[in-house]
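This report concerns only the one structure given below.
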Amino acid sequence: MDKTDIILSQLLMMNSRFSYRDLSDRVGLSVNAVHKRVRDLKDLGIIRAFTANVSLAALKAIGVFIFGSSGVDVTREVHDRLRNNDSTFWVAFAGGSYVYVGAYLQDVSQLEPYVAFVKKEAYVGDPVVGIANSPFTFSKAGRLSTLDYQIINALRRDSRKPVLDLAEQLGVSVKTARRRLTRMIQEGLIELSLEWYPDASNDVMTIFHVQLRSSADKADVQALLTHKYGPSFFNIVSFSNLPNLLLCWVWTNTMKELRDVMERLQKEEAVESFVPNVLYTGYIFETWRDRLVMEKGVFRK
């Protein structure tokens with residue numbers, strides 16, 4: 001992948017229904033060139049699916065990341081054990097038997113038993129537990145109707161489906177389908193994203209654990225890193241319970257580029273320290289959210 005591929009992936013991860021015209025305007029390429037790049041990313045297995053799901057805000061659910069060094073060599077057995085819990089949406093393995101686990105929890109009462117589950121099944125004795133900050137507040141999240149769930153279900157594994165096809169599938173007018181979908185997007189009720197597997201390429205994906213100085217403003221630093229290092233800093237997650245930590249997904253073509261990023265990051269005044277972990281494989285799983293959408297969004301003619 002090159003920088004343009006990464007930017008396209010970022011945009012589609014934010015909203016997988018961006019039109020090819022929207023994407024071409026943002027990256028400065030022709031519509032045909034953008035279409036070919038997205039098709040190539042799919043053919044390579046980097047983009048596995050364009051996805052839709054009900055948002056965490058709409059469900060008043062929380063996202064958590066749990067990570068630490070495993071007491072055993074990472075094996076397929078660990079991966080299979082972690083996927084058996086229907087809260088687990090992502091598992092990744094890094095050098096030094098380091099394990100990352102992402103989960104969606106229906107409420108905070110599930111946090112303690114889920115952490116215990118990860119400690120047992122991944123053999124992580126003393127994990128770091130982060131509650132991810134949400135881009136939408138629960139108080140502003142509206143309600144979803146049966147038709148809304150049917151729309152999300154129809155888009156669940158094909159979120160770029162044209163509105164015309166969506167309307168025909170659900171037996172509603174194009175105007176109604178477009179209006180309901182637009183409302184869900186504007187109110188943050190639907191999550192339109194990707195199943196993205198960068199390990200299908202030869203690029204280097206690294207997670208940086210960036211510890212900020214106590215005087216640093218986390219939001220300002222996050223904006224700085226995104227602007228200054230973009231698109232290398234592909235994704236940055238902050239946590240409500242870990243005020244000085246940023247988890248940063250960093251893309252580079254080579255290990256030399258990774259060293260260059262590390263040397264630059266060392267000079268950032270707001271950064272107290274950082275630890276890079278090179279990822280070598282990751283997995284994405286369906287969760288209770290998917291099951292909920294399939295159950296509530298079933299369409300009967």
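Residues in the structure tokens are numbered from 1 in each chain, the chains being A, B, ... in the order shown, and ligands are numbered from 1 in the order shown.
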Exercise: stretch 269-273 of chain A partners within 12 Å, only C-alpha atoms, chain neighbours under 4 positions left out, as a list of chain:residue names: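 In the requested form, the answer reads A:Phe208, A:His209, A:Val210, A:Gln211, A:Leu212, A:Arg213, A:Ser214, A:Ser215, A:Ala216, A:Asp217, A:Lys218, A:Ala219, A:Asp220, A:Val221, A:Gln222, A:Leu224, A:Leu225, A:Asn244, A:Leu245, A:Leu246, A:Met262, A:Glu263, A:Arg264, A:Leu265.
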Within 9 Å of stretch 180-183 of chain A using only C-alpha atoms, minus same-chain residues under 5 positions, as a PyMOL selection string: chain A and resi 147-148+151-152+163+175+188-190
Let me see the file: selected residues, N, CA, C and O atoms, as a PDB file, in the first residue's frame.
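Printed below is out_36.pdb as written:
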```
ATOM      1  N   LEU A 147     -37.795  -0.387  10.904  1.00  0.00           N
ATOM      2  CA  LEU A 147     -37.265  -0.117   9.566  1.00  0.00           C
ATOM      3  C   LEU A 147     -35.800   0.269   9.620  1.00  0.00           C
ATOM      4  O   LEU A 147     -35.012  -0.149   8.760  1.00  0.00           O
ATOM      5  N   ASP A 148     -35.409   1.033  10.631  1.00  0.00           N
ATOM      6  CA  ASP A 148     -33.995   1.393  10.780  1.00  0.00           C
ATOM      7  C   ASP A 148     -33.138   0.140  10.923  1.00  0.00           C
ATOM      8  O   ASP A 148     -32.092   0.006  10.284  1.00  0.00           O
ATOM      9  N   ILE A 151     -32.821  -1.622   7.644  1.00  0.00           N
ATOM     10  CA  ILE A 151     -31.852  -0.959   6.767  1.00  0.00           C
ATOM     11  C   ILE A 151     -30.432  -1.346   7.166  1.00  0.00           C
ATOM     12  O   ILE A 151     -29.606  -1.697   6.317  1.00  0.00           O
ATOM     13  N   ILE A 152     -30.129  -1.295   8.462  1.00  0.00           N
ATOM     14  CA  ILE A 152     -28.787  -1.656   8.927  1.00  0.00           C
ATOM     15  C   ILE A 152     -28.477  -3.106   8.587  1.00  0.00           C
ATOM     16  O   ILE A 152     -27.376  -3.443   8.128  1.00  0.00           O
ATOM     17  N   VAL A 163     -28.966   3.024  -2.730  1.00  0.00           N
ATOM     18  CA  VAL A 163     -30.238   3.249  -2.053  1.00  0.00           C
ATOM     19  C   VAL A 163     -31.390   2.627  -2.847  1.00  0.00           C
ATOM     20  O   VAL A 163     -32.351   2.104  -2.267  1.00  0.00           O
ATOM     21  N   LYS A 175     -37.156   7.481  -1.502  1.00  0.00           N
ATOM     22  CA  LYS A 175     -37.152   8.658  -0.637  1.00  0.00           C
ATOM     23  C   LYS A 175     -37.129   8.263   0.829  1.00  0.00           C
ATOM     24  O   LYS A 175     -36.373   8.830   1.643  1.00  0.00           O
ATOM     25  N   GLY A 188     -25.531   9.730  14.340  1.00  0.00           N
ATOM     26  CA  GLY A 188     -24.557   8.788  14.893  1.00  0.00           C
ATOM     27  C   GLY A 188     -25.170   7.495  15.377  1.00  0.00           C
ATOM     28  O   GLY A 188     -24.653   6.858  16.310  1.00  0.00           O
ATOM     29  N   LEU A 189     -26.261   7.069  14.732  1.00  0.00           N
ATOM     30  CA  LEU A 189     -26.945   5.845  15.132  1.00  0.00           C
ATOM     31  C   LEU A 189     -26.438   4.619  14.383  1.00  0.00           C
ATOM     32  O   LEU A 189     -26.693   3.491  14.809  1.00  0.00           O
ATOM     33  N   ILE A 190     -25.763   4.841  13.274  1.00  0.00           N
ATOM     34  CA  ILE A 190     -25.256   3.750  12.453  1.00  0.00           C
ATOM     35  C   ILE A 190     -23.751   3.897  12.308  1.00  0.00           C
ATOM     36  O   ILE A 190     -23.229   5.009  12.204  1.00  0.00           O
TER      37      ILE A 190
END
```
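Minimum distance to A:Asn133 across A:Met255, A:Leu164, A:Ala57, A:Val31 (counting only C-alpha atoms) occurs at A:Ala57.
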DSSP alpha helix (DSSP H) residues within stretch 118-215 of chain A, as a PyMOL selection string: chain A and resi 118-121+146-155+163-170+174-186
Those in stretch 16-230 of chain A with strand (DSSP E or B) from DSSP, as number ranges by chain: A: 47-54, 62-70, 88-94, 98-105, 124, 128-132, 190-196, 204-212
Close residues, A:Ala92 itself excluded, 6 Å, only C-alpha atoms, min 4 positions apart in chain, as number ranges by chain: A: 99-100, 281-282
Spatial neighbours of A:Val115, max dist 12 Å, only C-alpha atoms, sep filter under 2 positions, as a count of residues only: 34
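Closest to A:Glu187 among A:Trp90, A:Ser201, A:Val54, A:Phe274 is A:Val54, based on only C-alpha atoms.
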Distance query A:Ile46 at most 12 Å, only C-alpha atoms, self and fewer than 2 positions along chain excluded, as a ChimeraX atom specification: /A:1,5-6,9,37-44,48-50,194-203,282
Straight-line distance linking atom CA of A:Leu166 with atom CA of A:His35, stated in Å to one decimal: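 Atom CA of A:Leu166 sits 21.3 Å away from atom CA of A:His35.
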